[in-house]
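Shown next, in structure tokens, is the structure this report addresses.
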Amino acid sequence: MAPEQETGLIDTFGRRITYVRLSVTDRCDLRCRYCMAEEMRFLPKKDVLSFEEIEALAGMFIARGVRRIRLTGGEPLVRHDIGHLIARLGARIGNGLDELTMTTNGTRLARFAGDLHAAGIRRVNVSLDSRDPDRFRYITRHGDLSQVLAGIEAAAAAGLAVKINMVALKGLNEDEIAPMLLWCAGQGHDLTLIETMPMGEVEEDRTDHYLPLDAVKQRLADHFDLVPSLQRTGGPARYYEVGGIRLGLITPLTDNFCTGCNRIRVAATGTVYGCLGHDQKVELRELLRGGGAEAVNQALDRLMAGKPKGHDFMIGAPLPAVARHMSVTGG
Ligand code: SAM
């Protein structure tokens with residue numbers, strides 16, 4: 001029996017966890033309206049895992065069968081000296097870890113693309129909700145589109161495959177979805193469209209901008225040949241081949257695909273969530289600081305015992321499904 005079959009992270013529904021999304025900071029240099037409040041309060045440094053703690057934790061996950069780690073945030077590239085952590089984690093690729101990836105808003109990607117590639121990262125997800133500078137600034141509350149476009153260009157030039165993540169927002173970027181698909185096809189970037197999820201209080205009413213992707217898909221199908229793909233990543237996305245790229249639709253509201261879930265999410269504080277849409281969690285920071293791999297492993301077993309079957313997001317519900325913002329776990 002392979003070691004991970006004896007020690008693997010398997011929940012009560014028989015789902016094996018092989019993928020961890022690891023938030024390295026809750027801070028971000030943008031304030032996307034659907035994601036964060038304008039005046040977010042960020043964590044004091046002492047509450048955030050150190051690089052040594054993150055590396056130790058990654059090692060424990062790998063020992064239990066995790067094969068892919070995605071660094072996220074907040075914005076992972078705003079964390080001071082992030083290049084060091086990326087290099088240290090990159091050294092695990094081929095040594096227990098199959099893949100290290102990152103989700104970023106792209107503002108600092110021009111500076112870091114070469115470091116990411118040198119560390120062994122080969123794919124990045126870049127969030128881009130609009131290619132119109134004014135709209136981009138409005139949605140992100142102050143972002144500079146040119147920085148992100150330069151970051152995407154630098155990533156591609158460094159040899160990183162880029163996937164664009166676009167949150168579909170009624171009345172805000174609805175008319176840019178087809179052009180974004182054409183642009184991505186022209187650039188060779190995959191594109192994933194995401195429904196807004198009710199996570200954390202923001203100043204706005206998300207219902208105003210909620211755009212169900214089943215309707216978007218219908219409209220795209222009028223103009224593009226969407227060929228369903230059999231690919232599954234264990235996440236809540238369905239994929240289509242179109243114009244030489246892959247189009248993903250993340251539809252946690254209109255449809256959910258939790259039965260194949262293979263992932264857990266670590267907040268920058270060391271809190272680990274079993275599900276994006278639930279509060280079920282274990283706290284690992286103090287266990288890590290106490291130096292106890294055994295205690296951490298026991299906590300991960302508790303997480304597996306209680307991992308929810310699926311989420312039940314509902315747009316228009318009086319309260320968000322979970323009080324935490326997406327920036328806590330990075331999606
Ligand atoms: N800063 C990085 C970035 O911008 O990609 C990583 C963190 S960000 C929280 C990860 C992704 O979550 C982004 O694509 C963002 O658009 C998306 N996101 C944030 N809040 C969301 C929400 N309430 N519903 C759906 N997607 C959301």
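Each chain in the structure tokens gets a letter, A, B, ..., in the order shown, and its residues are numbered from 1; ligands are numbered from 1 in order too.
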
Hey, which bits of chain A sit within 6 Å of ligand 1, and for each residue what's the closest pair of atoms and how far apart in Å (one decimal), counting only C-alpha atoms and all ligand atoms, rows by chain and increasing number, as CSV?
residue,atom,partner,partner_atom_place_in_ligand_line,distance
A:Tyr34,CA,ligand 1,23 (N),5.2
A:Cys35,CA,ligand 1,20 (N),3.7
A:Thr72,CA,ligand 1,6 (C),4.9
A:Gly73,CA,ligand 1,7 (C),4.6
A:Gly74,CA,ligand 1,1 (N),4.8
A:Glu75,CA,ligand 1,1 (N),3.6
A:Thr103,CA,ligand 1,5 (O),4.7
A:Thr104,CA,ligand 1,2 (C),3.8
A:Asn105,CA,ligand 1,4 (O),3.6
A:Val126,CA,ligand 1,5 (O),5.6
A:Ser127,CA,ligand 1,14 (O),4.5
A:Asn165,CA,ligand 1,14 (O),5.2
A:Val167,CA,ligand 1,16 (O),5.5
A:Ile194,CA,ligand 1,25 (C),6.0
A:Glu195,CA,ligand 1,25 (C),5.6
A:Thr196,CA,ligand 1,24 (N),3.5
A:Met197,CA,ligand 1,24 (N),3.7
A:Pro198,CA,ligand 1,23 (N),5.4
A:Met199,CA,ligand 1,23 (N),5.1
A:Met326,CA,ligand 1,20 (N),4.6
A:Ser327,CA,ligand 1,9 (C),4.2
A:Gly330,CA,ligand 1,9 (C),4.1
A:Gly331,CA,ligand 1,12 (O),4.7

Pull N, CA, C and O atoms from the residues just selected and write them as an mmCIF file, in the first residue's frame.
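So the final result, stored in selection36.cif, reads:
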data_model
loop_
_atom_site.group_PDB
_atom_site.id
_atom_site.type_symbol
_atom_site.label_atom_id
_atom_site.label_comp_id
_atom_site.auth_asym_id
_atom_site.auth_seq_id
_atom_site.Cartn_x
_atom_site.Cartn_y
_atom_site.Cartn_z
ATOM 1 N N TYR A 34 -17.146 43.237 -4.812
ATOM 2 C CA TYR A 34 -17.884 42.033 -4.419
ATOM 3 C C TYR A 34 -17.103 41.203 -3.412
ATOM 4 O O TYR A 34 -17.618 40.261 -2.833
ATOM 5 N N CYS A 35 -15.813 41.546 -3.225
ATOM 6 C CA CYS A 35 -14.939 40.731 -2.380
ATOM 7 C C CYS A 35 -14.761 41.331 -0.995
ATOM 8 O O CYS A 35 -14.909 40.644 0.008
ATOM 9 N N THR A 72 -2.386 31.631 -2.470
ATOM 10 C CA THR A 72 -3.409 32.635 -2.738
ATOM 11 C C THR A 72 -3.428 33.620 -1.579
ATOM 12 O O THR A 72 -2.507 33.669 -0.777
ATOM 13 N N GLY A 73 -4.469 34.430 -1.493
ATOM 14 C CA GLY A 73 -4.556 35.397 -0.401
ATOM 15 C C GLY A 73 -5.998 35.869 -0.264
ATOM 16 O O GLY A 73 -6.889 35.131 -0.685
ATOM 17 N N GLY A 74 -6.182 37.042 0.149
ATOM 18 C CA GLY A 74 -5.461 38.273 -0.056
ATOM 19 C C GLY A 74 -4.716 38.216 -1.383
ATOM 20 O O GLY A 74 -5.044 37.471 -2.258
ATOM 21 N N GLU A 75 -3.739 39.038 -1.499
ATOM 22 C CA GLU A 75 -2.897 39.004 -2.702
ATOM 23 C C GLU A 75 -1.535 38.428 -2.310
ATOM 24 O O GLU A 75 -0.778 39.078 -1.580
ATOM 25 N N THR A 103 -2.748 32.008 -7.414
ATOM 26 C CA THR A 103 -3.806 32.889 -7.895
ATOM 27 C C THR A 103 -3.442 34.307 -7.487
ATOM 28 O O THR A 103 -3.160 34.558 -6.313
ATOM 29 N N THR A 104 -3.432 35.217 -8.439
ATOM 30 C CA THR A 104 -2.959 36.580 -8.160
ATOM 31 C C THR A 104 -3.831 37.600 -8.887
ATOM 32 O O THR A 104 -4.459 37.275 -9.900
ATOM 33 N N ASN A 105 -3.811 38.825 -8.370
ATOM 34 C CA ASN A 105 -4.529 39.873 -9.106
ATOM 35 C C ASN A 105 -3.636 40.479 -10.187
ATOM 36 O O ASN A 105 -4.084 41.327 -10.956
ATOM 37 N N VAL A 126 -4.869 34.561 -13.063
ATOM 38 C CA VAL A 126 -4.872 36.010 -12.851
ATOM 39 C C VAL A 126 -6.321 36.503 -12.900
ATOM 40 O O VAL A 126 -7.050 36.207 -13.849
ATOM 41 N N SER A 127 -6.713 37.238 -11.876
ATOM 42 C CA SER A 127 -8.082 37.740 -11.823
ATOM 43 C C SER A 127 -8.189 39.013 -12.648
ATOM 44 O O SER A 127 -7.391 39.948 -12.462
ATOM 45 N N ASN A 165 -9.265 34.614 -14.538
ATOM 46 C CA ASN A 165 -10.483 34.419 -13.745
ATOM 47 C C ASN A 165 -11.309 35.688 -13.825
ATOM 48 O O ASN A 165 -10.818 36.770 -13.486
ATOM 49 N N VAL A 167 -14.979 37.332 -12.628
ATOM 50 C CA VAL A 167 -16.257 37.211 -11.921
ATOM 51 C C VAL A 167 -17.314 37.887 -12.793
ATOM 52 O O VAL A 167 -17.138 39.039 -13.204
ATOM 53 N N ILE A 194 -16.800 33.127 -13.122
ATOM 54 C CA ILE A 194 -17.169 32.764 -11.745
ATOM 55 C C ILE A 194 -18.435 33.515 -11.346
ATOM 56 O O ILE A 194 -18.555 34.716 -11.613
ATOM 57 N N GLU A 195 -19.364 32.811 -10.701
ATOM 58 C CA GLU A 195 -20.539 33.503 -10.137
ATOM 59 C C GLU A 195 -20.150 34.152 -8.813
ATOM 60 O O GLU A 195 -19.356 33.578 -8.063
ATOM 61 N N THR A 196 -20.707 35.306 -8.501
ATOM 62 C CA THR A 196 -20.412 35.928 -7.200
ATOM 63 C C THR A 196 -20.985 35.059 -6.092
ATOM 64 O O THR A 196 -22.124 34.611 -6.173
ATOM 65 N N MET A 197 -20.181 34.856 -5.080
ATOM 66 C CA MET A 197 -20.623 34.025 -3.961
ATOM 67 C C MET A 197 -20.876 34.898 -2.738
ATOM 68 O O MET A 197 -20.109 35.832 -2.482
ATOM 69 N N PRO A 198 -21.913 34.581 -2.003
ATOM 70 C CA PRO A 198 -22.241 35.391 -0.828
ATOM 71 C C PRO A 198 -21.326 35.098 0.356
ATOM 72 O O PRO A 198 -21.645 34.305 1.236
ATOM 73 N N MET A 199 -20.160 35.737 0.349
ATOM 74 C CA MET A 199 -19.184 35.503 1.418
ATOM 75 C C MET A 199 -18.771 36.830 2.022
ATOM 76 O O MET A 199 -18.173 37.666 1.349
ATOM 77 N N MET A 326 -13.941 36.248 0.996
ATOM 78 C CA MET A 326 -13.167 35.369 0.129
ATOM 79 C C MET A 326 -11.670 35.584 0.351
ATOM 80 O O MET A 326 -10.864 34.668 0.198
ATOM 81 N N SER A 327 -11.300 36.814 0.755
ATOM 82 C CA SER A 327 -9.881 37.113 0.925
ATOM 83 C C SER A 327 -9.255 36.346 2.084
ATOM 84 O O SER A 327 -8.037 36.300 2.228
ATOM 85 N N GLY A 330 -8.931 32.936 0.004
ATOM 86 C CA GLY A 330 -8.474 33.096 -1.378
ATOM 87 C C GLY A 330 -9.280 32.337 -2.399
ATOM 88 O O GLY A 330 -8.828 32.141 -3.514
ATOM 89 N N GLY A 331 -10.447 31.916 -2.050
ATOM 90 C CA GLY A 331 -11.307 31.265 -3.039
ATOM 91 C C GLY A 331 -10.944 29.811 -3.220
ATOM 92 O O GLY A 331 -10.082 29.269 -2.571
#

**Q.** Test item, strand (DSSP E or B) assignment across segment 3-47 of chain A, answer as JSON, numbers by chain
**A.** {"A": [10, 16, 19, 20, 21, 22, 23]}

Using N, CA, C and O atoms, can you export the residues from the last selection as a short mmCIF file (atom, residue, chain, number, x, y, z; two decimals), in the first residue's frame?
data_model
loop_
_atom_site.label_atom_id
_atom_site.label_comp_id
_atom_site.auth_asym_id
_atom_site.auth_seq_id
_atom_site.Cartn_x
_atom_site.Cartn_y
_atom_site.Cartn_z
N ILE A 10 -8.81 11.57 4.01
CA ILE A 10 -10.02 11.09 3.34
C ILE A 10 -11.22 11.43 4.23
O ILE A 10 -11.19 11.16 5.43
N ARG A 16 -10.86 11.99 -1.25
CA ARG A 16 -9.46 12.10 -0.88
C ARG A 16 -8.97 13.52 -1.16
O ARG A 16 -9.17 14.05 -2.26
N TYR A 19 -5.39 18.40 -2.76
CA TYR A 19 -5.19 19.77 -3.22
C TYR A 19 -5.45 20.74 -2.07
O TYR A 19 -6.51 20.67 -1.43
N VAL A 20 -4.48 21.60 -1.83
CA VAL A 20 -4.62 22.60 -0.76
C VAL A 20 -4.47 23.99 -1.33
O VAL A 20 -3.54 24.26 -2.09
N ARG A 21 -5.40 24.83 -0.95
CA ARG A 21 -5.28 26.26 -1.30
C ARG A 21 -4.78 26.97 -0.06
O ARG A 21 -5.42 26.91 0.99
N LEU A 22 -3.65 27.61 -0.21
CA LEU A 22 -2.95 28.12 0.96
C LEU A 22 -2.84 29.64 0.87
O LEU A 22 -2.14 30.17 0.00
N SER A 23 -3.53 30.31 1.76
CA SER A 23 -3.48 31.77 1.76
C SER A 23 -2.27 32.22 2.55
O SER A 23 -2.09 31.81 3.70
#

(Q) From the options A:Glu201, A:Asp26, A:Asp81, A:Asp132, which residue's atoms come nearest to Asp144 of chain A, counting only C-alpha atoms? (A) A:Asp132

Q: Might you pull out every residue within 12 Å of Ala268 of chain A, with only C-alpha atoms counted and same-chain residues fewer than 2 positions away left off, and present them as a ChimeraX atom specification?
A: /A:21-27,42-51,53-54,57,71-76,79,265-266,270-273,283-285,327-330

Q: Return the single residue from A:Met60, A:Tyr210, A:Ile93, A:Thr101 that is closest to Ala113 of chain A, with distances computed using only C-alpha atoms.
A: A:Thr101

Q.
Which residues are close to Phe136 of chain A, i.e. within 10 Å by only C-alpha atoms, leaving aside same-chain residues fewer than 5 positions away? Reply as a ChimeraX atom specification.
A. /A:32,128-131,141-146,172-173

Take the residues that were just selected and, keeping all heavy atoms, output them as a short mmCIF file (atom, residue, chain, number, x, y, z; two decimals), in the first residue's frame.
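Dumped to part_37.cif:
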data_model
loop_
_atom_site.label_atom_id
_atom_site.label_comp_id
_atom_site.auth_asym_id
_atom_site.auth_seq_id
_atom_site.Cartn_x
_atom_site.Cartn_y
_atom_site.Cartn_z
N CYS A 32 -11.77 44.84 -4.51
CA CYS A 32 -12.88 44.51 -5.41
C CYS A 32 -14.21 44.57 -4.65
O CYS A 32 -14.32 44.02 -3.54
CB CYS A 32 -12.65 43.14 -6.02
SG CYS A 32 -11.15 43.12 -7.03
N LEU A 128 -9.14 39.04 -13.54
CA LEU A 128 -9.31 40.22 -14.41
C LEU A 128 -10.79 40.30 -14.78
O LEU A 128 -11.28 39.52 -15.58
CB LEU A 128 -8.44 40.04 -15.67
CG LEU A 128 -8.49 41.18 -16.69
CD1 LEU A 128 -7.97 42.47 -16.08
CD2 LEU A 128 -7.66 40.82 -17.93
N ASP A 129 -11.48 41.25 -14.15
CA ASP A 129 -12.93 41.35 -14.36
C ASP A 129 -13.30 42.29 -15.49
O ASP A 129 -14.44 42.31 -15.93
CB ASP A 129 -13.62 41.81 -13.07
CG ASP A 129 -13.43 40.81 -11.94
OD1 ASP A 129 -13.27 39.60 -12.24
OD2 ASP A 129 -13.42 41.23 -10.77
N SER A 130 -12.35 43.13 -15.92
CA SER A 130 -12.65 44.05 -17.01
C SER A 130 -11.35 44.45 -17.71
O SER A 130 -10.31 44.59 -17.06
CB SER A 130 -13.34 45.31 -16.47
OG SER A 130 -13.49 46.25 -17.53
N ARG A 131 -11.44 44.66 -19.01
CA ARG A 131 -10.30 45.17 -19.76
C ARG A 131 -10.50 46.63 -20.13
O ARG A 131 -9.75 47.19 -20.92
CB ARG A 131 -10.04 44.30 -21.01
CG ARG A 131 -9.48 42.93 -20.62
CD ARG A 131 -9.23 42.02 -21.80
NE ARG A 131 -8.44 42.66 -22.83
CZ ARG A 131 -8.90 43.04 -24.02
NH1 ARG A 131 -10.17 42.84 -24.34
NH2 ARG A 131 -8.11 43.60 -24.89
N ARG A 141 -11.93 49.39 -7.03
CA ARG A 141 -11.96 50.64 -6.25
C ARG A 141 -10.73 51.53 -6.45
O ARG A 141 -10.71 52.63 -5.97
CB ARG A 141 -12.18 50.35 -4.76
CG ARG A 141 -13.60 49.89 -4.42
CD ARG A 141 -13.90 50.24 -2.97
NE ARG A 141 -15.22 49.81 -2.54
CZ ARG A 141 -15.47 48.63 -1.99
NH1 ARG A 141 -14.50 47.76 -1.83
NH2 ARG A 141 -16.68 48.34 -1.58
N HIS A 142 -9.67 51.08 -7.10
CA HIS A 142 -8.57 52.01 -7.44
C HIS A 142 -7.53 51.36 -8.32
O HIS A 142 -6.47 51.96 -8.55
CB HIS A 142 -7.89 52.58 -6.18
CG HIS A 142 -7.29 51.52 -5.30
ND1 HIS A 142 -7.78 51.22 -4.06
CD2 HIS A 142 -6.27 50.66 -5.51
CE1 HIS A 142 -7.08 50.22 -3.55
NE2 HIS A 142 -6.15 49.87 -4.42
N GLY A 143 -7.78 50.14 -8.80
CA GLY A 143 -6.74 49.40 -9.53
C GLY A 143 -6.34 50.03 -10.86
O GLY A 143 -7.13 50.72 -11.50
N ASP A 144 -5.10 49.75 -11.24
CA ASP A 144 -4.56 50.27 -12.50
C ASP A 144 -4.45 49.09 -13.47
O ASP A 144 -3.58 48.21 -13.32
CB ASP A 144 -3.18 50.90 -12.20
CG ASP A 144 -2.49 51.38 -13.47
OD1 ASP A 144 -3.01 51.13 -14.59
OD2 ASP A 144 -1.41 52.00 -13.34
N LEU A 145 -5.33 49.08 -14.46
CA LEU A 145 -5.39 47.96 -15.40
C LEU A 145 -4.06 47.71 -16.09
O LEU A 145 -3.67 46.55 -16.32
CB LEU A 145 -6.48 48.24 -16.45
CG LEU A 145 -6.61 47.22 -17.57
CD1 LEU A 145 -7.13 45.89 -17.04
CD2 LEU A 145 -7.53 47.74 -18.67
N SER A 146 -3.32 48.79 -16.39
CA SER A 146 -2.09 48.61 -17.18
C SER A 146 -1.08 47.74 -16.41
O SER A 146 -0.34 46.97 -17.01
CB SER A 146 -1.48 49.96 -17.56
OG SER A 146 -1.06 50.63 -16.39
N LEU A 172 -22.16 45.23 -14.76
CA LEU A 172 -20.80 45.77 -14.59
C LEU A 172 -19.85 45.28 -15.68
O LEU A 172 -19.11 46.08 -16.24
CB LEU A 172 -20.23 45.40 -13.21
CG LEU A 172 -20.69 46.24 -12.03
CD1 LEU A 172 -20.01 45.77 -10.75
CD2 LEU A 172 -20.36 47.71 -12.26
N ASN A 173 -19.87 43.98 -15.97
CA ASN A 173 -18.96 43.51 -17.02
C ASN A 173 -19.62 42.47 -17.92
O ASN A 173 -18.92 41.79 -18.68
CB ASN A 173 -17.68 42.92 -16.41
CG ASN A 173 -17.93 41.68 -15.58
OD1 ASN A 173 -19.06 41.19 -15.52
ND2 ASN A 173 -16.90 41.16 -14.96
#

(Q) Quick one: residues within 8 Å of Ile152 of chain A, only C-alpha atoms, excluding same-chain residues fewer than 6 positions away - as a count of residues only? (A) 5
